[in-house]
Amino acid sequence: MLERVGETAETISDIVFRQVKQDIIAGVLPPGAKIKLEQAKEHYSISVSSLREILSRLTTENLVIAEGQRGFEVSPASRRELMELADLRIVLETHAMGLAFASGDLEWEGRIVAAHHKLAAAERRLLAGDASRTVDWVRCDWEFHHSIVSACNSTTLMSNLSSVFDRFLRYHMLAESFRGKAVVDDHKVLFELALARDVEGARNIIRRHVESGVEHVLKSNRIF
């Protein structure tokens, strides 16, 4: 019985961790927002002590800042961090591509095909004006990029890339607009290059893809 209770508590903590993280990335908890523990405890239906542990975990991903006795606040957003995250994402993702393209097998190709199919479907809905599908697109976008580098055989590299991707994505959510056909075209070309195992071509697309994303965010005038 005690083991079952422990397992349940751990599962709840993991679920709430993902919820808080998603709320930060999606801008529900905006940059600089104070996280009031008593209110957050009620909102996420979890104890204050567990919430403190969750927020402490998020400080290691630079999504939350601990303020000593004053509690926690959502990390601010800045042009400088956006640029740094873009550079780091390019370095990590292009390196992971080289490793994945060299070792990927038929199952890896299948993951890419499936992920792109779902992403393309979400993008068609967005291009048709269905803004309610943005959350679907965010998930499918990561799954697609993740599938391409999933054969890199480095847990540490994937973990770091995932963290950087999430923080970079937060800026796109703050911009509050979909990049449109240009990003769809990038994904289609990247899909084709990945299956062809064209490392340099794919790396060039990622650099352009990320850099154009930075331009899009900055043009939104929501980052200072």
# chains A, B, ... in the order shown; residues from 1 in each chain; ligands from 1
$ residues_around --residues "A:Leu190" --least-positions-apart "6" --cutoff "10 Å" --atoms "only C-alpha atoms" --output "JSON, numbers by chain"
{"A": [116, 144, 145, 148, 184, 196, 198, 201, 202, 203, 204, 205, 206, 209]}
$ residues_around --residues "stretch 54-68 of chain A" --least-positions-apart "5" --cutoff "12 Å" --atoms "only C-alpha atoms" --output "PyMOL selection string"
chain A and resi 10+12-27+29-37+40-41+44+46-49+73-77+81+85+159-171
$ select_by_dssp --residues "stretch 17-198 of chain A" --states "alpha helix (DSSP H)" --output "PyMOL selection string"
chain A and resi 17-26+37-44+48-59+79-103+106-127+134-149+155-175+181-195
$ closest_residue --among "A:Arg197, A:His216, A:His95, A:Arg125" --to "A:Met158" --atoms "only C-alpha atoms"
A:His95
$ closest_residue --among "A:Leu127, A:Ala100, A:Leu195, A:Val135" --to "A:Asn153" --atoms "only C-alpha atoms"
A:Ala100
$ atom_distance --atom1 "atom CA of A:Lys118" --atom2 "atom CA of A:Lys219"
28.3 Å
$ atom_distance --atom1 "atom CA of A:His146" --atom2 "atom CA of A:Asp87"
17.7 Å
$ residues_around --residues "stretch 177-180 of chain A" --least-positions-apart "3" --cutoff "9 Å" --atoms "only C-alpha atoms" --output "ChimeraX atom specification"
/A:123,126-127,131,134,172-174,183-184,213,216-217,220
$ select_by_dssp --residues "stretch 49-112 of chain A" --states "strand (DSSP E)" --output "list in words"
Val64, Ile65, Ala66, Phe72, Glu73 and Val74 of chain A
$ atom_distance --atom1 "atom CA of A:Ala151" --atom2 "atom CA of A:Leu119"
19.4 Å
